[in-house]
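J.: The file below is protein.cif, mmCIF, C-alpha atoms:
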```cif
data_input
loop_
_atom_site.label_atom_id
_atom_site.label_comp_id
_atom_site.auth_asym_id
_atom_site.auth_seq_id
_atom_site.Cartn_x
_atom_site.Cartn_y
_atom_site.Cartn_z
CA MET O 54 21.54 60.02 32.76
CA ALA O 55 23.35 58.66 35.81
CA MET O 56 25.37 56.33 33.58
CA ALA O 57 26.36 59.18 31.24
CA ALA O 58 27.51 61.31 34.17
CA THR O 59 29.64 58.43 35.47
CA ILE O 60 31.35 58.00 32.10
CA ILE O 61 32.13 61.71 31.79
CA LEU O 62 33.58 61.76 35.29
CA ALA O 63 35.80 58.76 34.55
CA CYS O 64 37.13 60.33 31.35
CA SER O 65 37.83 63.60 33.13
CA CYS O 66 39.81 61.86 35.85
CA SER O 67 41.81 59.91 33.26
CA GLU O 68 42.80 63.08 31.42
CA GLU O 69 43.92 64.75 34.65
CA GLU O 70 46.26 61.87 35.43
CA ASN O 71 48.40 62.56 32.35
CA THR O 72 51.15 65.12 32.87
CA ASP O 73 53.80 66.45 30.51
CA LEU O 74 57.40 66.55 31.69
CA THR O 75 60.03 68.60 29.85
CA ILE O 76 63.53 67.17 30.14
CA ASN O 77 66.26 69.75 30.67
CA PHE O 78 69.71 70.05 32.23
CA ASN O 79 69.81 73.78 32.94
CA GLY O 80 72.00 74.72 35.88
CA LEU O 81 73.92 71.44 36.08
CA LEU O 82 77.18 72.79 34.64
CA ASP O 83 79.14 75.14 36.90
CA THR O 84 81.61 76.28 34.23
CA PRO O 85 80.77 78.23 31.06
CA GLU O 86 81.70 76.65 27.72
CA SER O 87 81.75 73.15 29.22
CA GLU O 88 80.16 69.75 28.71
CA TYR O 89 79.42 66.70 30.82
CA VAL O 90 82.21 64.13 30.66
CA GLY O 91 81.58 60.82 32.40
CA PRO O 92 83.90 58.54 34.38
CA LYS O 93 86.56 56.33 32.85
CA THR O 94 85.59 53.22 34.76
CA ASN O 95 84.07 50.80 32.22
CA LEU O 96 86.14 49.83 29.18
CA PRO O 97 84.90 46.79 27.26
CA ASP O 98 87.61 44.47 25.93
CA GLY O 99 89.20 45.93 22.81
CA ALA O 100 87.12 49.13 22.98
CA PHE O 101 88.39 52.66 22.45
CA TYR O 102 85.64 54.29 24.53
CA TYR O 103 84.62 54.11 28.17
CA GLU O 104 80.87 53.53 28.46
CA SER O 105 78.53 54.99 31.07
CA THR O 106 75.12 56.65 31.42
CA PHE O 107 73.64 59.74 33.00
CA THR O 108 70.05 60.52 34.02
CA ASP O 109 68.12 63.77 33.86
CA PRO O 110 67.35 65.52 37.18
CA SER O 111 63.81 64.10 37.31
CA GLY O 112 65.10 60.52 37.03
CA THR O 113 62.83 59.88 34.04
CA ALA O 114 65.27 59.50 31.13
CA THR O 115 68.71 57.87 31.02
CA PHE O 116 71.21 58.68 28.26
CA ASN O 117 74.16 56.57 27.17
CA HIS O 118 77.57 58.25 27.06
CA TYR O 119 81.10 57.54 25.81
CA VAL O 120 84.50 59.01 26.69
CA PRO O 121 87.53 58.18 24.49
CA THR O 122 90.50 56.44 26.05
CA ALA O 123 92.77 59.08 24.50
CA GLY O 124 91.08 62.16 25.93
CA ASP O 125 88.80 63.73 28.53
CA TYR O 126 86.00 64.99 26.29
CA PHE O 127 82.63 63.85 24.99
CA GLY O 128 83.16 60.89 22.67
CA GLY O 129 79.69 59.71 21.71
CA GLY O 130 76.18 58.83 22.77
CA PHE O 131 74.83 61.93 24.53
CA THR O 132 76.23 64.75 26.60
CA TYR O 133 74.75 67.96 27.95
CA THR O 134 76.60 71.19 27.27
CA ASN O 135 76.41 74.98 27.54
CA LYS O 136 78.91 75.67 24.76
CA THR O 137 78.28 78.69 22.54
CA ASP O 138 81.06 78.25 19.94
CA VAL O 139 79.50 78.58 16.48
CA GLN O 140 82.85 79.11 14.70
CA THR O 141 85.04 76.07 15.38
CA ASN O 142 84.68 73.19 12.93
CA SER O 143 85.93 70.31 15.11
CA TYR O 144 84.69 67.05 16.59
CA THR O 145 85.67 68.38 20.03
CA ASN O 146 83.19 71.26 19.66
CA SER O 147 79.84 70.01 20.99
CA SER O 148 78.14 73.40 20.56
CA ALA O 149 74.84 73.75 18.74
CA ILE O 150 74.91 76.04 15.71
CA THR O 151 72.39 78.22 17.57
CA GLY O 152 74.93 78.90 20.34
CA ARG O 153 72.43 78.05 23.08
CA GLY O 154 69.51 75.77 23.90
CA GLN O 155 65.86 76.28 23.10
CA THR O 156 64.74 76.14 26.74
CA GLY O 157 67.85 77.58 28.39
CA ASP O 158 71.62 77.69 28.17
CA THR O 159 72.14 73.92 28.48
CA TYR O 160 71.08 71.31 25.91
CA LEU O 161 71.93 67.83 24.64
CA THR O 162 74.45 66.95 21.94
CA CYS O 163 74.53 63.48 20.35
CA ASN O 164 77.10 61.59 18.30
CA ALA O 165 77.07 57.96 17.14
CA ASP O 166 78.52 55.79 14.40
CA GLY O 167 76.17 52.82 14.78
CA THR O 168 79.08 50.40 15.17
CA TYR O 169 81.25 51.31 18.13
CA ARG O 170 79.10 54.08 19.60
CA HIS O 171 75.32 54.05 19.76
CA ALA O 172 72.81 56.69 20.84
CA VAL O 173 70.03 55.49 23.14
CA ILE O 174 67.62 57.16 25.58
CA THR O 175 66.00 54.76 28.05
CA LEU O 176 62.87 55.72 29.99
CA LYS O 177 62.33 54.69 33.60
CA ASP O 178 58.72 53.79 32.75
CA ALA O 179 57.06 53.29 29.38
CA ALA O 180 55.50 56.54 28.13
CA THR O 181 54.73 58.63 25.08
CA VAL O 182 57.41 61.05 23.92
CA LYS O 183 55.48 64.00 22.49
CA GLY O 184 58.49 65.47 20.73
CA ALA O 185 61.64 67.54 21.06
CA TYR O 186 63.52 70.43 19.49
CA PHE O 187 66.36 69.49 17.12
CA THR O 188 69.12 71.46 15.40
CA ASN O 189 72.57 70.90 13.91
CA SER O 190 75.77 70.89 15.86
CA THR O 191 78.29 73.53 14.80
CA TYR O 192 80.61 70.76 13.58
CA ALA O 193 77.99 69.18 11.31
CA TYR O 194 76.60 72.51 10.10
CA LEU O 195 79.94 74.01 9.09
CA THR O 196 81.02 70.79 7.38
CA MET O 197 77.82 70.66 5.33
CA ARG O 198 78.12 74.34 4.47
CA ASP O 199 81.82 74.47 3.64
CA GLY O 200 82.95 70.87 3.08
CA GLY O 201 86.30 69.55 4.28
CA MET O 202 87.88 66.31 5.50
CA GLY O 203 86.40 64.34 2.60
CA ALA O 204 82.98 66.00 2.79
CA HIS O 205 81.61 68.19 0.00
CA PRO O 206 79.60 71.39 0.49
CA PHE O 207 75.89 70.59 0.40
CA GLY O 208 73.85 71.67 -2.59
CA ALA O 209 70.49 70.95 -4.15
CA GLY O 210 69.57 67.30 -3.69
CA ASP O 211 71.76 66.74 -0.63
CA TRP O 212 70.26 65.80 2.70
CA PHE O 213 71.26 64.77 6.22
CA LYS O 214 68.84 63.13 8.62
CA VAL O 215 68.50 61.60 12.06
CA THR O 216 66.15 58.63 12.34
CA VAL O 217 64.46 58.21 15.71
CA THR O 218 63.28 54.65 16.37
CA GLY O 219 60.82 53.96 19.17
CA LYS O 220 61.36 50.72 21.09
CA MET O 221 59.12 48.76 23.43
CA GLY O 222 61.05 45.87 24.80
CA ASN O 223 63.05 44.65 21.83
CA ALA O 224 60.37 45.56 19.29
CA ALA O 225 60.38 48.73 17.18
CA THR O 226 57.20 50.79 17.45
CA GLY O 227 57.96 53.04 14.47
CA THR O 228 60.41 55.60 13.12
CA VAL O 229 60.54 59.36 12.57
CA ASP O 230 63.01 61.00 10.19
CA VAL O 231 64.35 64.38 11.32
CA TYR O 232 65.96 66.19 8.38
CA LEU O 233 68.69 68.61 9.44
CA ALA O 234 69.56 69.46 5.84
CA LYS O 235 67.42 69.09 2.73
CA ASP O 236 67.00 70.68 -0.70
CA GLY O 237 69.87 73.10 -0.20
CA ASN O 238 68.74 74.24 3.25
CA ILE O 239 70.87 73.44 6.31
CA CYS O 240 69.07 73.81 9.64
CA ASN O 241 70.52 76.54 11.87
CA GLN O 242 67.68 76.99 14.37
CA TRP O 243 65.72 74.92 16.85
CA ILE O 244 62.83 73.09 15.15
CA TRP O 245 60.13 71.14 16.99
CA HIS O 246 59.59 67.57 15.76
CA ASP O 247 56.59 65.47 16.78
CA LEU O 248 57.58 62.02 18.06
CA SER O 249 54.17 60.96 19.40
CA ILE O 250 53.62 58.74 16.34
CA LEU O 251 56.09 56.32 17.95
CA GLY O 252 53.42 55.49 20.55
CA THR O 253 54.21 54.10 23.98
CA VAL O 254 57.94 53.41 24.24
CA ASP O 255 60.52 52.53 26.83
CA ALA O 256 63.49 53.64 24.73
CA LEU O 257 64.49 55.77 21.75
CA GLU O 258 67.36 54.87 19.43
CA PHE O 259 69.02 57.34 17.05
CA SER O 260 70.80 56.71 13.75
CA PHE O 261 72.10 58.84 10.87
CA ASP O 262 72.11 58.93 7.10
CA SER O 263 73.28 61.39 4.46
CA THR O 264 73.73 61.74 0.72
CA ASP O 265 77.43 62.45 1.35
CA LYS O 266 78.95 59.01 1.90
CA THR O 267 81.92 56.96 0.74
CA SER O 268 82.11 53.22 0.10
CA TYR O 269 84.96 51.31 1.69
CA ASP O 270 84.27 47.80 0.33
CA GLY O 271 83.42 48.29 -3.32
CA GLY O 272 79.90 49.57 -2.89
CA GLN O 273 78.29 47.36 -0.24
CA THR O 274 79.06 49.35 2.90
CA TYR O 275 79.47 53.09 3.39
CA TYR O 276 80.65 55.56 5.96
CA LEU O 277 79.16 59.04 6.15
CA ASN O 278 81.30 62.05 5.34
CA THR O 279 78.78 64.26 7.13
CA PRO O 280 79.65 64.40 10.86
CA THR O 281 77.06 62.30 12.68
CA TYR O 282 76.13 64.85 15.33
CA PHE O 283 72.94 66.67 16.28
CA CYS O 284 71.64 68.73 19.19
CA MET O 285 68.35 68.30 21.04
CA ASP O 286 66.48 70.21 23.73
CA GLY O 287 63.10 70.40 25.42
CA MET O 288 62.09 66.75 25.01
CA VAL O 289 58.53 66.40 26.33
CA ILE O 290 57.36 63.10 27.82
CA THR O 291 53.71 62.40 28.70
CA LEU O 292 53.62 60.44 31.95
#
```
As structure tokens, please, write out the structure in this file.

T.:
Amino acid sequence: MAMAATIILACSCSEEENTDLTINFNGLLDTPESEYVGPKTNLPDGAFYYESTFTDPSGTATFNHYVPTAGDYFGGGFTYTNKTDVQTNSYTNSSAITGRGQTGDTYLTCNADGTYRHAVITLKDAATVKGAYFTNSTYAYLTMRDGGMGAHPFGAGDWFKVTVTGKMGNAATGTVDVYLAKDGNICNQWIWHDLSILGTVDALEFSFDSTDKTSYDGGQTYYLNTPTYFCMDGMVITL
């Protein structure tokens, strides 16, 4: 009986040590309809984007970030924004199609092409990411709905997805596909997606795919006509 009591006590203490942290950036932007734009201080040779990072207020998660050499606006990786513009179909509009975040007025927007601009979240310490809320950016949503700039309006059979890859060191721990359009439905609200299947990770990498793509070398390589943007909020990390 004494042994059983000891085991129960140990398990109870272990459970109490785990805490969930929700990442958010609410209150960090002083100006309405704005976005975080990083410094122009690191330009790799031959690059068109300045590279930097920013970290959430808790110091737990670091996000990569790009600013174009030709402008002072979000150019790729991640930014946080409080934009509410659900009408403007433009790459300079980082607003979510919802017009606000799930947990407040500020949320994350991501853009990457997988070649010149990547999307990576790095954790200070290895942990389990329980999940996050995802939705479309206004730019991606309106393009899928209406077409334009080489993209066709989405119909039955079309899909657009974000693939989240867990990393531990240089090894992948697994992937989760987040569909932001599928079977004629284009996401226009915040949807929770479970990422715990990725296990213990020290980084998350994000990539895109879509049925709307065009070949530029005779069929071997494609670029996506769907804008490679999404929005995310309320990411929960178990520490």

J.: Using only C-alpha atoms, which of the listed residues (O:Phe78, O:Phe187, O:Phe107, O:Phe261) sits closest to Pro280 (chain O)?

T.: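 So, comparing all the options, the nearest one is O:Phe261.
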
J.: Which residues fall under the PyMOL selection byres ((chain O and resi 111) around 12) in this file, as a list in words?

T.: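 Given this file, the PyMOL selection byres ((chain O and resi 111) around 12) evaluates to Leu74, Thr75, Ile76, Asn77, Phe78, Phe107, Thr108, Asp109, Pro110, Gly112, Thr113, Ala114, Thr115, Leu176, Lys177 and Ile290 of chain O.
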
J.: With the file shown as input, list the residues that the PyMOL selection byres ((chain O and resi 88) around 9) selects, as a PyMOL selection string.

T.: chain O and resi 82+84-87+89-90+126-127+132-136+147

J.: To one decimal place, how far is CA of Ala165 (chain O) from CA of Phe259 (chain O) in Å?

T.: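 About the pair CA of Ala165 (chain O) and CA of Phe259 (chain O): they are 8.1 Å apart.
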
J.: Which one is closest to Glu104 (chain O): O:Ala172, O:Ala179, O:Met197, O:Cys240? Count only C-alpha atoms.

T.: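 Comparing O:Ala172, O:Ala179, O:Met197, O:Cys240 against Glu104 (chain O), the winner is O:Ala172.
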
J.: Determine the residue membership of the PyMOL selection byres ((chain O and resi 141-146) around 7) for the file above and supply it as a VMD selection string.

T.: chain O and resid 138 to 140 147 to 148 191 to 192 195

J.: Work out how far CA of Cys163 (chain O) is from CA of Tyr269 (chain O), in Å to one decimal.

T.: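 Distance between the two atoms: 24.6 Å.
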
J.: Give me the residues within 12 Å of Gly184 (chain O) as a ChimeraX atom specification, counting all atoms listed in the file and dropping any in the same chain fewer than 6 places off.

T.: /O:73-76,217,219,229,231,244-252,257,285-291

J.: Here is a test: counting all atoms listed in the file, which residue of O:Cys284, O:Tyr275, O:Asn164, O:Gly91 is nearest to Ala185 (chain O)?

T.: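 Of O:Cys284, O:Tyr275, O:Asn164, O:Gly91, the one nearest Ala185 (chain O), counting all atoms listed in the file, is O:Cys284.
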
J.: Could you work out how far CA of Phe207 (chain O) lies from CA of Gln155 (chain O), giving the answer in Å with one decimal?

T.: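 Those two atoms sit 25.5 Å apart.
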
J.: Tell me which of O:Thr175, O:Thr279, O:Asn79, O:Ser268 sits closest to Asp199 (chain O), counting only C-alpha atoms.

T.: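 That would be O:Thr279, the residue with the smallest distance to Asp199 (chain O).
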
J.: Between O:Thr281, O:Tyr276, O:Leu81, O:Ser105, single out the one closest to Gly157 (chain O), counting only C-alpha atoms.

T.: O:Leu81

J.: So that I can check the surroundings of Ala180 (chain O), please list as a PyMOL selection string every protein, DNA and RNA residue that reaches within 6 Å of it, counting only C-alpha atoms and ignoring chain neighbours fewer than 3 positions away.

T.: chain O and resi 253-254+292

J.: In terms of the shortest atom-to-atom distance over all atoms listed in the file, which of O:Thr196, O:Ser190, O:Pro206, O:Tyr232 is closest to Leu161 (chain O)?

T.: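 So, comparing all the options, the nearest one is O:Ser190.
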
J.: Take every atom of region 129-139 of chain O listed in the file, fit an axis-aligned box around them, add 4 Å per side, and give the centre and edge lengths in Å to one decimal as lines of an AutoDock Vina configuration file.

T.:
```
center_x = 77.9
center_y = 68.8
center_z = 22.2
size_x = 14.3
size_y = 27.9
size_z = 19.5
```

J.: Only N, CA and C atoms, please: region 251-273 of chain O from the block, as a PDB file, in the first residue's frame.

T.:
```
ATOM      1  N   LEU O 251       2.691  15.886 -33.534  1.00  0.00           N
ATOM      2  CA  LEU O 251       4.083  16.140 -33.911  1.00  0.00           C
ATOM      3  C   LEU O 251       5.049  15.791 -32.789  1.00  0.00           C
ATOM      4  N   GLY O 252       4.535  15.580 -31.569  1.00  0.00           N
ATOM      5  CA  GLY O 252       5.363  15.183 -30.443  1.00  0.00           C
ATOM      6  C   GLY O 252       6.202  16.324 -29.900  1.00  0.00           C
ATOM      7  N   THR O 253       7.296  15.977 -29.255  1.00  0.00           N
ATOM      8  CA  THR O 253       8.206  16.981 -28.703  1.00  0.00           C
ATOM      9  C   THR O 253       9.041  17.582 -29.822  1.00  0.00           C
ATOM     10  N   VAL O 254       9.002  18.891 -29.945  1.00  0.00           N
ATOM     11  CA  VAL O 254       9.688  19.577 -31.049  1.00  0.00           C
ATOM     12  C   VAL O 254      10.454  20.777 -30.515  1.00  0.00           C
ATOM     13  N   ASP O 255      11.434  21.206 -31.292  1.00  0.00           N
ATOM     14  CA  ASP O 255      12.098  22.473 -30.981  1.00  0.00           C
ATOM     15  C   ASP O 255      11.889  23.499 -32.089  1.00  0.00           C
ATOM     16  N   ALA O 256      11.147  23.093 -33.134  1.00  0.00           N
ATOM     17  CA  ALA O 256      10.835  24.024 -34.211  1.00  0.00           C
ATOM     18  C   ALA O 256       9.652  23.499 -35.016  1.00  0.00           C
ATOM     19  N   LEU O 257       8.945  24.427 -35.658  1.00  0.00           N
ATOM     20  CA  LEU O 257       7.894  24.105 -36.618  1.00  0.00           C
ATOM     21  C   LEU O 257       8.230  24.792 -37.931  1.00  0.00           C
ATOM     22  N   GLU O 258       8.096  24.057 -39.027  1.00  0.00           N
ATOM     23  CA  GLU O 258       8.295  24.628 -40.357  1.00  0.00           C
ATOM     24  C   GLU O 258       6.992  24.532 -41.139  1.00  0.00           C
ATOM     25  N   PHE O 259       6.715  25.540 -41.971  1.00  0.00           N
ATOM     26  CA  PHE O 259       5.448  25.645 -42.676  1.00  0.00           C
ATOM     27  C   PHE O 259       5.681  25.711 -44.182  1.00  0.00           C
ATOM     28  N   SER O 260       4.895  24.942 -44.930  1.00  0.00           N
ATOM     29  CA  SER O 260       4.969  24.954 -46.385  1.00  0.00           C
ATOM     30  C   SER O 260       3.563  24.906 -46.961  1.00  0.00           C
ATOM     31  N   PHE O 261       3.436  25.143 -48.268  1.00  0.00           N
ATOM     32  CA  PHE O 261       2.135  25.301 -48.908  1.00  0.00           C
ATOM     33  C   PHE O 261       2.002  24.387 -50.118  1.00  0.00           C
ATOM     34  N   ASP O 262       0.763  24.046 -50.434  1.00  0.00           N
ATOM     35  CA  ASP O 262       0.466  23.361 -51.681  1.00  0.00           C
ATOM     36  C   ASP O 262      -0.975  23.671 -52.073  1.00  0.00           C
ATOM     37  N   SER O 263      -1.273  23.542 -53.354  1.00  0.00           N
ATOM     38  CA  SER O 263      -2.588  23.887 -53.881  1.00  0.00           C
ATOM     39  C   SER O 263      -2.808  23.155 -55.194  1.00  0.00           C
ATOM     40  N   THR O 264      -4.068  22.965 -55.540  1.00  0.00           N
ATOM     41  CA  THR O 264      -4.383  22.402 -56.852  1.00  0.00           C
ATOM     42  C   THR O 264      -4.198  23.421 -57.961  1.00  0.00           C
ATOM     43  N   ASP O 265      -4.147  24.704 -57.630  1.00  0.00           N
ATOM     44  CA  ASP O 265      -3.988  25.763 -58.627  1.00  0.00           C
ATOM     45  C   ASP O 265      -2.517  26.110 -58.747  1.00  0.00           C
ATOM     46  N   LYS O 266      -1.838  25.508 -59.723  1.00  0.00           N
ATOM     47  CA  LYS O 266      -0.402  25.714 -59.897  1.00  0.00           C
ATOM     48  C   LYS O 266      -0.060  25.728 -61.378  1.00  0.00           C
ATOM     49  N   THR O 267       1.076  26.308 -61.700  1.00  0.00           N
ATOM     50  CA  THR O 267       1.522  26.426 -63.082  1.00  0.00           C
ATOM     51  C   THR O 267       2.954  25.938 -63.198  1.00  0.00           C
ATOM     52  N   SER O 268       3.235  25.135 -64.212  1.00  0.00           N
ATOM     53  CA  SER O 268       4.592  24.647 -64.442  1.00  0.00           C
ATOM     54  C   SER O 268       5.409  25.715 -65.158  1.00  0.00           C
ATOM     55  N   TYR O 269       6.671  25.842 -64.780  1.00  0.00           N
ATOM     56  CA  TYR O 269       7.535  26.777 -65.493  1.00  0.00           C
ATOM     57  C   TYR O 269       8.755  26.093 -66.103  1.00  0.00           C
ATOM     58  N   ASP O 270       8.795  24.755 -66.109  1.00  0.00           N
ATOM     59  CA  ASP O 270       9.913  24.074 -66.773  1.00  0.00           C
ATOM     60  C   ASP O 270       9.444  22.809 -67.491  1.00  0.00           C
ATOM     61  N   GLY O 271       8.252  22.866 -68.048  1.00  0.00           N
ATOM     62  CA  GLY O 271       7.762  21.735 -68.817  1.00  0.00           C
ATOM     63  C   GLY O 271       7.130  20.633 -68.009  1.00  0.00           C
ATOM     64  N   GLY O 272       6.814  20.887 -66.759  1.00  0.00           N
ATOM     65  CA  GLY O 272       6.091  19.899 -65.976  1.00  0.00           C
ATOM     66  C   GLY O 272       6.810  19.363 -64.760  1.00  0.00           C
ATOM     67  N   GLN O 273       8.075  19.713 -64.565  1.00  0.00           N
ATOM     68  CA  GLN O 273       8.833  19.170 -63.436  1.00  0.00           C
ATOM     69  C   GLN O 273       8.699  20.019 -62.181  1.00  0.00           C
TER      70      GLN O 273
END
```
